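Asks: This is the structure, below, for whatever I ask next.
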Number of protein chains: 2
Amino acid sequence: MQYTLRQLAYLVAVADHGSVTAAANALYTSQPGISSAISQLEDQFGLQFFIRHHAKGVSLTPAGQSFVAAARNLLAHAEELSQHATDLSQSLRGKLELGCFSTIAPIFLPRLMAQLRSDYPDIAVQLREGDTEQLQRSLLSGETELALLYDLDLSPQLFRHKLRTQQPYAVLPANHPLARAGAVSLIDLAEEPMVLLDLPHSREYFLSVFRQHGLEARVAHRTVSFEMARGLVAAGCGFALLHLKPNTAVSYAGDPLVYLPIVEDVPSLDIVLAWPAELRLTRRAEAFVTLCERGMGLLG
Amino acid sequence: MQYTLRQLAYLVAVADHGSVTAAANALYTSQPGISSAISQLEDQFGLQFFIRHHAKGVSLTPAGQSFVAAARNLLAHAEELSQHATDLSQSLRGKLELGCFSTIAPIFLPRLMAQLRSDYPDIAVQLREGDTEQLQRSLLSGETELALLYDLDLSPQLFRHKLRTQQPYAVLPANHPLARAGAVSLIDLAEEPMVLLDLPHSREYFLSVFRQHGLEARVAHRTVSFEMARGLVAAGCGFALLHLKPNTAVSYAGDPLVYLPIVEDVPSLDIVLAWPAELRLTRRAEAFVTLCERGMGLLG
DNA sequence: GGCGCTGGATCGGAAATAACGATGCACTGC
DNA sequence: GCAGTGCATCGTTATTTCCGATCCAGCGCC
C-alpha cells in the first residue's frame with residue numbers, strides 16, 4: 001500500500017471543487033502539489049479519475065466517481081480514528097482498566113464505584129482484583145492503567161500516590177480473654193495461635209511485625225481470603241493481624257469479633273494508587289484519582 | 001500535522017510483534033524509523049500506546065489496545081480501497097456507464113446487452129440514451145465512459161472506433177407510386193413532402209444530402225422520434241431519409257413501409273464507439289468494445 | 001555485584017519526497 | 001485573433017524520512 005491519506009484528501013478536494021486550482025486554494029497549498037498527487041494516485045492504480053478540460057477545470061470519470069466515493073469513506077474513517085484517539089485521552093467516556101488489591105476491594109470500591117458512576121456515568125470500569133504480584137504485573141504489562149493497593153515492595157517503576165495509612169490491628173473472637181482489654185500486646189499474641197492472611201508480601205509483612213520485636217508468631221492457619229481469616233478467628237481458631245476494618249464486627253458465620261489496637265509500635269501500611277511511572281494518565285484515570293483522594297478518608 | 005497510514009502500519013506491527021526491533025525486521029525497515037513513527041503518533045494524540053520494557057520489548061497500554069484495534073480496522077479499510085481501485089480498472093465486475101444514440105439503441109442494444117449479460121454476468125450497464133449533443137457532453141464530462149453513436153461532427157477530443165457504415169435510404173409508404181421501383185432518385189424525392197428526423201447534427205446531415213445535389217428538401221414534418229417519423233411516412237405524410245432499418249416493414253400503427261436505396265451517390269454515416277481520446281478504458285469497457293466489434297455486423 | 005546482552009531512544013548525515021514559483025501549453029470565450 | 005483560464009512540467013528549495021552508529025537502561029547470568 002503506497003498511497004497516502006493526504007493524496008486522498010487532495011483527490012476528494014479536487015472532485016468537490018471541480019478544479020485543481022480551486023482545491024489548492026481551499027487547502028492552502030500549491031496547485032502543482034495537488035496535480036502531482038492526483039497523477040500519482042492515477043499511476044498507482046492504473047486508473048484515470050479525472051478528465052482534464054482545458055481552461056475549465058476537471059470532471060470525474062465513472063471510475064473516478066466510484067473511487068472518490070470510496071476515498072471519502074476512508075477519510076471519514078480516518079477522521080473517526082482521530083476522534084477515537086482524542087476520546088481515549090481526553091474524554092470522560094470509555095473504559096478504565098483498574099486493578100485492586102483483593103482485600104481492599106470490598107471495603108472501599110463499592111462506594112467509590114457508585115460515586116464514579118454518578119459523577120461520570122460514561123466511564124466503564126473494568127476491574128481486576130488480585131494480590132500485589134498480579135496487580136504489579138498487570139500494571140507493568142499495561143493490562144491495567146492504575147491499581148489500588150498497599151505500598152508493599154512495589155517496583156520503583158511504579159509511581160505511587162498515597163491515599164491513606166492503615167495501622168494494623170489484632171482481631172479476636174469477642175469472648176477471648178485478651179479481648180477484654182482496650183489493646184493487646186504482641187507478646188501476648190505470640191502465645192496465641194495465629195491465622196495468617198497468606199498473600200504475597202502481606203504474609204512477610206505480618207510475620208515481620210513479630211520478628212521486629214524479637215518474637216515469632218505461631219501460625220496455625222493460612223488463608224488467602226480476608227473473610228475466611230475473620231471466620232477462623234471468630235470460630236476460635238486463633239487471632240489475626242489485619243489492616244482493614246469492615247463496618248461490621250460479625251463474621252459471615254454470625255460470630256462476633258473484636259478489633260484491638262496493638263500496644264507496641266508497629267509499622268503502618270499505606271494504601272496507594274499506583275501506575276507505571278512514565279505513563280501519562282488518561283483523563284478517566286485522573287478523574288478516578290481525584291475521586292479516590294476525596295473518598296478514601298471517609299470510610300474504615 | 002496529520003498521521004499517515006504508514007505510521008499506523010508500523011504501530012500495529014509493533015503491537016503484533018511486541019517489539020520495535022522485531023517489527024522493523026518484519027517490515028524490512030530500520031528500528032529508528034519505527035521508533036520515531038510511534039513517538040510521532042503518541043505525541044500527536046497525546047497518548048501513550050506502549051510501555052517500554054528495557055531489554056524486553058514493549059507492551060500495549062489500555063489506550064494502546066483500543067487504538068491499535070481501531071488502527072487495524074482503518075488499515076483493513078485502506079486495503080479495501082486499494083482492492084476497490086484495482087477492481088475498477090481490472091475486474092469485469094461493476095458498472096459500465098454507456099451512452100447510446102437514441103435511434104441506434106433499440107436496433108442494436110438489446111441483443112448486445114443480452115450477449116454482454118451472458119458473457120460477463122457481473123457487468124451492470126448504466127445506459128443513457130440521447131442525441132449526439134447530449135452524448136458528447138456526457139462523454140467529455142466523464143458521466144459516461146463510452147458511447148455508441150454516429151460519427152457526425154464529433155469533437156476531436158473524442159476517439160472514435162468504427163463499427164459499421166450505414167448507407168442512408170428512403171422510406172415510403174408501401175402504396176406510394178415511387179415505391180414501385182427498386183430505387184429512388186433525390187430529384188423525385190425533392191418533389192415530395194419530407195418527414196425530417198429532427199435531431200442535432202442529423203437534421204443538418206439529411207438536408208445536406210439534397211443540397212449537395214443542388215436540391216432543396218420540402219420539409220413537411222419534423223420529429224425527434226425515429227418511430228414517429230416512420231409512422232408519419234406510413235400514414236402518407238411524406239417520405240423520410242433514415243440510416244437504420246428495423247427488421248420490420250410495418251409502422252406501430254400497422255401500416256406497411258418500403259425501404260428504397262438512393263440512386264445518387266450520397267455520403268454514408270459511420271456508427272462508432274466513442275470515448276474521450278486521452279482516457280484509458282476500463283476492462284469492462286474494453287470487453288464491451290470487443291463485443292460490439294463481433295456483434296455489430298450481424299444485424300440490420 | 002559485576003558484566004555482557006537485549007532492545008528502545010537518540011543523533012547526524014544522506015536520500016527521498018513534498019512544496020513552491022515560474023513557465024509552458026492547450027483550449028475557452030469574447 | 002487574443003486575452004484569460006487552468007492543468008502539467010520544470011528546477012529549486014525545504015522538509016521529511018531513512019539508516020547506520022551510538023547511547024543507555026534494565027535484565028539475566030554467572
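Note on naming: chains are A, B, ... as they come in the C-alpha cells, residues start from 1 per chain, ligands start from 1 in the order shown.
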Within 12 Å of chain D, which residues belong to chain A? Use only C-alpha atoms (C1' of nucleotides) and report them as a PyMOL selection string.
Replies: chain A and resi 18-24+31-36+38-39+50-58+157
Asks: Can you write just those residues out, N, CA and C atoms, as a PDB file, in the first residue's frame?
Replies:
```pdb
ATOM      1  N   GLY A  18     -14.095  20.623  -8.448  1.00  0.00           N
ATOM      2  CA  GLY A  18     -14.132  20.547  -9.900  1.00  0.00           C
ATOM      3  C   GLY A  18     -12.945  21.239 -10.543  1.00  0.00           C
ATOM      4  N   SER A  19     -11.892  21.401  -9.767  1.00  0.00           N
ATOM      5  CA  SER A  19     -10.741  22.138 -10.286  1.00  0.00           C
ATOM      6  C   SER A  19      -9.551  21.923  -9.365  1.00  0.00           C
ATOM      7  N   VAL A  20      -8.401  21.712  -9.971  1.00  0.00           N
ATOM      8  CA  VAL A  20      -7.179  21.521  -9.190  1.00  0.00           C
ATOM      9  C   VAL A  20      -6.812  22.817  -8.481  1.00  0.00           C
ATOM     10  N   THR A  21      -6.892  23.894  -9.210  1.00  0.00           N
ATOM     11  CA  THR A  21      -6.505  25.181  -8.636  1.00  0.00           C
ATOM     12  C   THR A  21      -7.400  25.558  -7.468  1.00  0.00           C
ATOM     13  N   ALA A  22      -8.701  25.381  -7.656  1.00  0.00           N
ATOM     14  CA  ALA A  22      -9.624  25.723  -6.576  1.00  0.00           C
ATOM     15  C   ALA A  22      -9.335  24.877  -5.346  1.00  0.00           C
ATOM     16  N   ALA A  23      -9.060  23.598  -5.552  1.00  0.00           N
ATOM     17  CA  ALA A  23      -8.758  22.725  -4.421  1.00  0.00           C
ATOM     18  C   ALA A  23      -7.488  23.194  -3.721  1.00  0.00           C
ATOM     19  N   ALA A  24      -6.489  23.582  -4.524  1.00  0.00           N
ATOM     20  CA  ALA A  24      -5.233  24.051  -3.942  1.00  0.00           C
ATOM     21  C   ALA A  24      -5.477  25.289  -3.077  1.00  0.00           C
ATOM     22  N   GLN A  31      -0.868  24.463  -6.414  1.00  0.00           N
ATOM     23  CA  GLN A  31      -1.549  23.724  -7.460  1.00  0.00           C
ATOM     24  C   GLN A  31      -0.714  22.551  -7.981  1.00  0.00           C
ATOM     25  N   PRO A  32       0.587  22.729  -8.193  1.00  0.00           N
ATOM     26  CA  PRO A  32       1.367  21.589  -8.679  1.00  0.00           C
ATOM     27  C   PRO A  32       1.362  20.409  -7.702  1.00  0.00           C
ATOM     28  N   GLY A  33       1.344  20.711  -6.417  1.00  0.00           N
ATOM     29  CA  GLY A  33       1.309  19.636  -5.434  1.00  0.00           C
ATOM     30  C   GLY A  33       0.087  18.760  -5.605  1.00  0.00           C
ATOM     31  N   ILE A  34      -1.064  19.418  -5.724  1.00  0.00           N
ATOM     32  CA  ILE A  34      -2.303  18.673  -5.932  1.00  0.00           C
ATOM     33  C   ILE A  34      -2.211  17.894  -7.227  1.00  0.00           C
ATOM     34  N   SER A  35      -1.765  18.582  -8.248  1.00  0.00           N
ATOM     35  CA  SER A  35      -1.694  17.960  -9.567  1.00  0.00           C
ATOM     36  C   SER A  35      -0.874  16.675  -9.513  1.00  0.00           C
ATOM     37  N   SER A  36       0.266  16.744  -8.837  1.00  0.00           N
ATOM     38  CA  SER A  36       1.114  15.561  -8.826  1.00  0.00           C
ATOM     39  C   SER A  36       0.517  14.467  -7.948  1.00  0.00           C
ATOM     40  N   ILE A  38      -2.618  13.779  -7.637  1.00  0.00           N
ATOM     41  CA  ILE A  38      -3.613  13.091  -8.463  1.00  0.00           C
ATOM     42  C   ILE A  38      -2.914  12.148  -9.445  1.00  0.00           C
ATOM     43  N   SER A  39      -1.880  12.660 -10.099  1.00  0.00           N
ATOM     44  CA  SER A  39      -1.152  11.825 -11.057  1.00  0.00           C
ATOM     45  C   SER A  39      -0.623  10.561 -10.390  1.00  0.00           C
ATOM     46  N   PHE A  50      -9.864  11.725 -13.407  1.00  0.00           N
ATOM     47  CA  PHE A  50     -10.410  12.981 -13.920  1.00  0.00           C
ATOM     48  C   PHE A  50     -10.201  13.106 -15.421  1.00  0.00           C
ATOM     49  N   ILE A  51     -11.144  13.804 -16.040  1.00  0.00           N
ATOM     50  CA  ILE A  51     -10.939  14.268 -17.399  1.00  0.00           C
ATOM     51  C   ILE A  51     -10.582  15.744 -17.299  1.00  0.00           C
ATOM     52  N   ARG A  52      -9.465  16.099 -17.923  1.00  0.00           N
ATOM     53  CA  ARG A  52      -8.994  17.486 -17.843  1.00  0.00           C
ATOM     54  C   ARG A  52      -9.630  18.312 -18.953  1.00  0.00           C
ATOM     55  N   HIS A  53     -10.321  19.345 -18.566  1.00  0.00           N
ATOM     56  CA  HIS A  53     -10.902  20.254 -19.554  1.00  0.00           C
ATOM     57  C   HIS A  53     -10.059  21.510 -19.569  1.00  0.00           C
ATOM     58  N   HIS A  54      -9.441  21.764 -20.675  1.00  0.00           N
ATOM     59  CA  HIS A  54      -8.558  22.920 -20.707  1.00  0.00           C
ATOM     60  C   HIS A  54      -9.327  24.181 -20.391  1.00  0.00           C
ATOM     61  N   ALA A  55      -8.771  24.909 -19.488  1.00  0.00           N
ATOM     62  CA  ALA A  55      -9.331  26.204 -19.085  1.00  0.00           C
ATOM     63  C   ALA A  55     -10.696  26.082 -18.406  1.00  0.00           C
ATOM     64  N   LYS A  56     -11.139  24.841 -18.145  1.00  0.00           N
ATOM     65  CA  LYS A  56     -12.435  24.689 -17.462  1.00  0.00           C
ATOM     66  C   LYS A  56     -12.418  23.611 -16.394  1.00  0.00           C
ATOM     67  N   GLY A  57     -11.288  23.467 -15.734  1.00  0.00           N
ATOM     68  CA  GLY A  57     -11.245  22.534 -14.635  1.00  0.00           C
ATOM     69  C   GLY A  57     -11.261  21.079 -15.053  1.00  0.00           C
ATOM     70  N   VAL A  58     -11.696  20.253 -14.155  1.00  0.00           N
ATOM     71  CA  VAL A  58     -11.693  18.812 -14.413  1.00  0.00           C
ATOM     72  C   VAL A  58     -13.046  18.233 -14.027  1.00  0.00           C
ATOM     73  N   GLN A 157       9.503   1.176  39.300  1.00  0.00           N
ATOM     74  CA  GLN A 157       8.936   1.658  38.030  1.00  0.00           C
ATOM     75  C   GLN A 157       7.497   2.141  38.184  1.00  0.00           C
TER      76      GLN A 157
END
```
Asks: Would you mind listing, as a list in words, all residues of chain B that have at least one atom within 7 Å of chain A, where only C-alpha atoms are what counts?
Replies: Thr4, Leu5, Phe45, Gly46, Leu47, Gln48, Ile51, Ser59, Leu60, Thr61, Pro62, Ala63, Phe67, Ala70, Leu74, His77, Ala78, Leu81, Ala85, Thr86, Leu88, Ser89, Glu97, Ser141, Gly142, Glu143, Thr144, Glu145 and Leu279 of chain B
Asks: With a distance cut-off of 10 Å and only C-alpha atoms (C1' of nucleotides), select the neighbouring residues of Ile104 in chain A, excluding the residue or stretch itself and same-chain residues fewer than 6 positions from it, and output the selection as a list in words.
Replies: Glu129, Gly130, Leu148, Leu149, Tyr150, Phe226, His243, Leu244 and Ile271 of chain A
Asks: Identify all chain C residues at most 10 Å from chain A by counting only C-alpha atoms (C1' of nucleotides); ligands do not count. Present them as a compact mmCIF listing (two decimals) with C-alpha atoms (C1' of nucleotides), in the first residue's frame.
Replies:
```txt
# COMPACT_ATOMS: atom_id res chain seq x y z
C1' DA C 18 6.96 17.36 -0.92
C1' DA C 19 6.24 22.20 -1.73
C1' DC C 20 6.74 26.15 -4.43
C1' DG C 21 7.23 29.79 -8.08
C1' DC C 25 0.67 24.84 -23.26
C1' DA C 26 -3.96 23.87 -24.84
C1' DC C 27 -8.12 25.24 -25.02
C1' DT C 28 -12.16 28.71 -23.96
```
Asks: Find the spatial neighbours of Val195 in chain A, counting only C-alpha atoms (C1' of nucleotides), within a cut-off of 7 Å - ignore same-chain residues fewer than 6 positions away - and output them as a PyMOL selection string.
Replies: chain A and resi 219-222+229+233+238-240
Asks: Can those selected residues be exported to a file as a tab-separated table (two decimals), in the first residue's frame so that it contains C-alpha atoms?
Replies:
```
chain	number	residue	atom	x	y	z
A	219	VAL	CA	0.97	-19.74	62.59
A	220	ALA	CA	-1.89	-22.21	62.99
A	221	HIS	CA	-3.90	-21.43	59.85
A	222	ARG	CA	-3.18	-19.83	56.50
A	229	ALA	CA	-9.42	-15.29	58.18
A	233	VAL	CA	-10.78	-16.11	64.21
A	238	GLY	CA	-6.72	-18.01	66.78
A	239	PHE	CA	-6.12	-14.32	66.31
A	240	ALA	CA	-5.23	-12.44	63.12
```
Asks: Could you pull out the alpha helix (DSSP H) residues of range 185-300 of chain B, going by DSSP on the backbone, and write them as a ChimeraX atom specification?
Replies: /B:186-189,202-211,226-234,283-295
Asks: Would you mind writing down, as an MDAnalysis selection string, each residue of range 68-232 of chain B that DSSP on the backbone assigns to strand (DSSP E or B)?
Replies: chainID B and resid 94:101 123:130 146:150 158:166 169:173 184 193:197 218:223
Asks: Please provide as a list in words all residues within 12 Å of Pro110 in chain A, with the sequence filter that same-chain residues fewer than 5 positions apart are discarded (counting only C-alpha atoms (C1' of nucleotides)).
Replies: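 Near Pro110 in chain A, the qualifying residues are Cys100, Ile104, Ala105, Gln115, Leu116, Arg117, Val125, Leu127, Cys292, Gly295, Met296 and Leu299 of chain A.
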Asks: Keeping only N, CA and C atoms, write the selected residues to a file as a PDB file, in the first residue's frame.
Replies:
```pdb
ATOM      1  N   CYS A 100      -7.242  -3.798  41.708  1.00  0.00           N
ATOM      2  CA  CYS A 100      -7.454  -3.516  43.127  1.00  0.00           C
ATOM      3  C   CYS A 100      -7.059  -4.723  43.964  1.00  0.00           C
ATOM      4  N   ILE A 104      -8.783  -4.950  49.755  1.00  0.00           N
ATOM      5  CA  ILE A 104      -9.206  -3.544  49.746  1.00  0.00           C
ATOM      6  C   ILE A 104     -10.531  -3.378  48.996  1.00  0.00           C
ATOM      7  N   ALA A 105     -10.659  -4.183  47.945  1.00  0.00           N
ATOM      8  CA  ALA A 105     -11.791  -4.010  47.042  1.00  0.00           C
ATOM      9  C   ALA A 105     -13.150  -3.936  47.753  1.00  0.00           C
ATOM     10  N   GLN A 115     -19.864   6.313  43.360  1.00  0.00           N
ATOM     11  CA  GLN A 115     -19.586   7.737  43.195  1.00  0.00           C
ATOM     12  C   GLN A 115     -19.147   8.030  41.758  1.00  0.00           C
ATOM     13  N   LEU A 116     -18.266   7.170  41.261  1.00  0.00           N
ATOM     14  CA  LEU A 116     -17.767   7.351  39.892  1.00  0.00           C
ATOM     15  C   LEU A 116     -18.920   7.287  38.901  1.00  0.00           C
ATOM     16  N   ARG A 117     -19.766   6.310  39.152  1.00  0.00           N
ATOM     17  CA  ARG A 117     -20.903   6.115  38.254  1.00  0.00           C
ATOM     18  C   ARG A 117     -21.810   7.344  38.250  1.00  0.00           C
ATOM     19  N   VAL A 125     -15.795   0.937  34.300  1.00  0.00           N
ATOM     20  CA  VAL A 125     -14.608   0.390  34.961  1.00  0.00           C
ATOM     21  C   VAL A 125     -14.494  -1.110  34.684  1.00  0.00           C
ATOM     22  N   LEU A 127     -12.638  -3.990  36.213  1.00  0.00           N
ATOM     23  CA  LEU A 127     -11.916  -4.237  37.460  1.00  0.00           C
ATOM     24  C   LEU A 127     -11.206  -5.587  37.459  1.00  0.00           C
ATOM     25  N   CYS A 292     -10.739   9.200  44.371  1.00  0.00           N
ATOM     26  CA  CYS A 292     -10.189   8.416  45.480  1.00  0.00           C
ATOM     27  C   CYS A 292      -9.664   9.334  46.572  1.00  0.00           C
ATOM     28  N   GLY A 295     -12.599  10.467  48.431  1.00  0.00           N
ATOM     29  CA  GLY A 295     -13.476   9.449  49.025  1.00  0.00           C
ATOM     30  C   GLY A 295     -12.805   8.491  49.974  1.00  0.00           C
ATOM     31  N   MET A 296     -11.473   8.461  49.982  1.00  0.00           N
ATOM     32  CA  MET A 296     -10.841   7.405  50.754  1.00  0.00           C
ATOM     33  C   MET A 296     -10.621   7.767  52.213  1.00  0.00           C
ATOM     34  N   LEU A 299     -14.162   6.480  55.025  1.00  0.00           N
ATOM     35  CA  LEU A 299     -14.594   5.163  55.462  1.00  0.00           C
ATOM     36  C   LEU A 299     -13.541   4.493  56.332  1.00  0.00           C
TER      37      LEU A 299
END
```
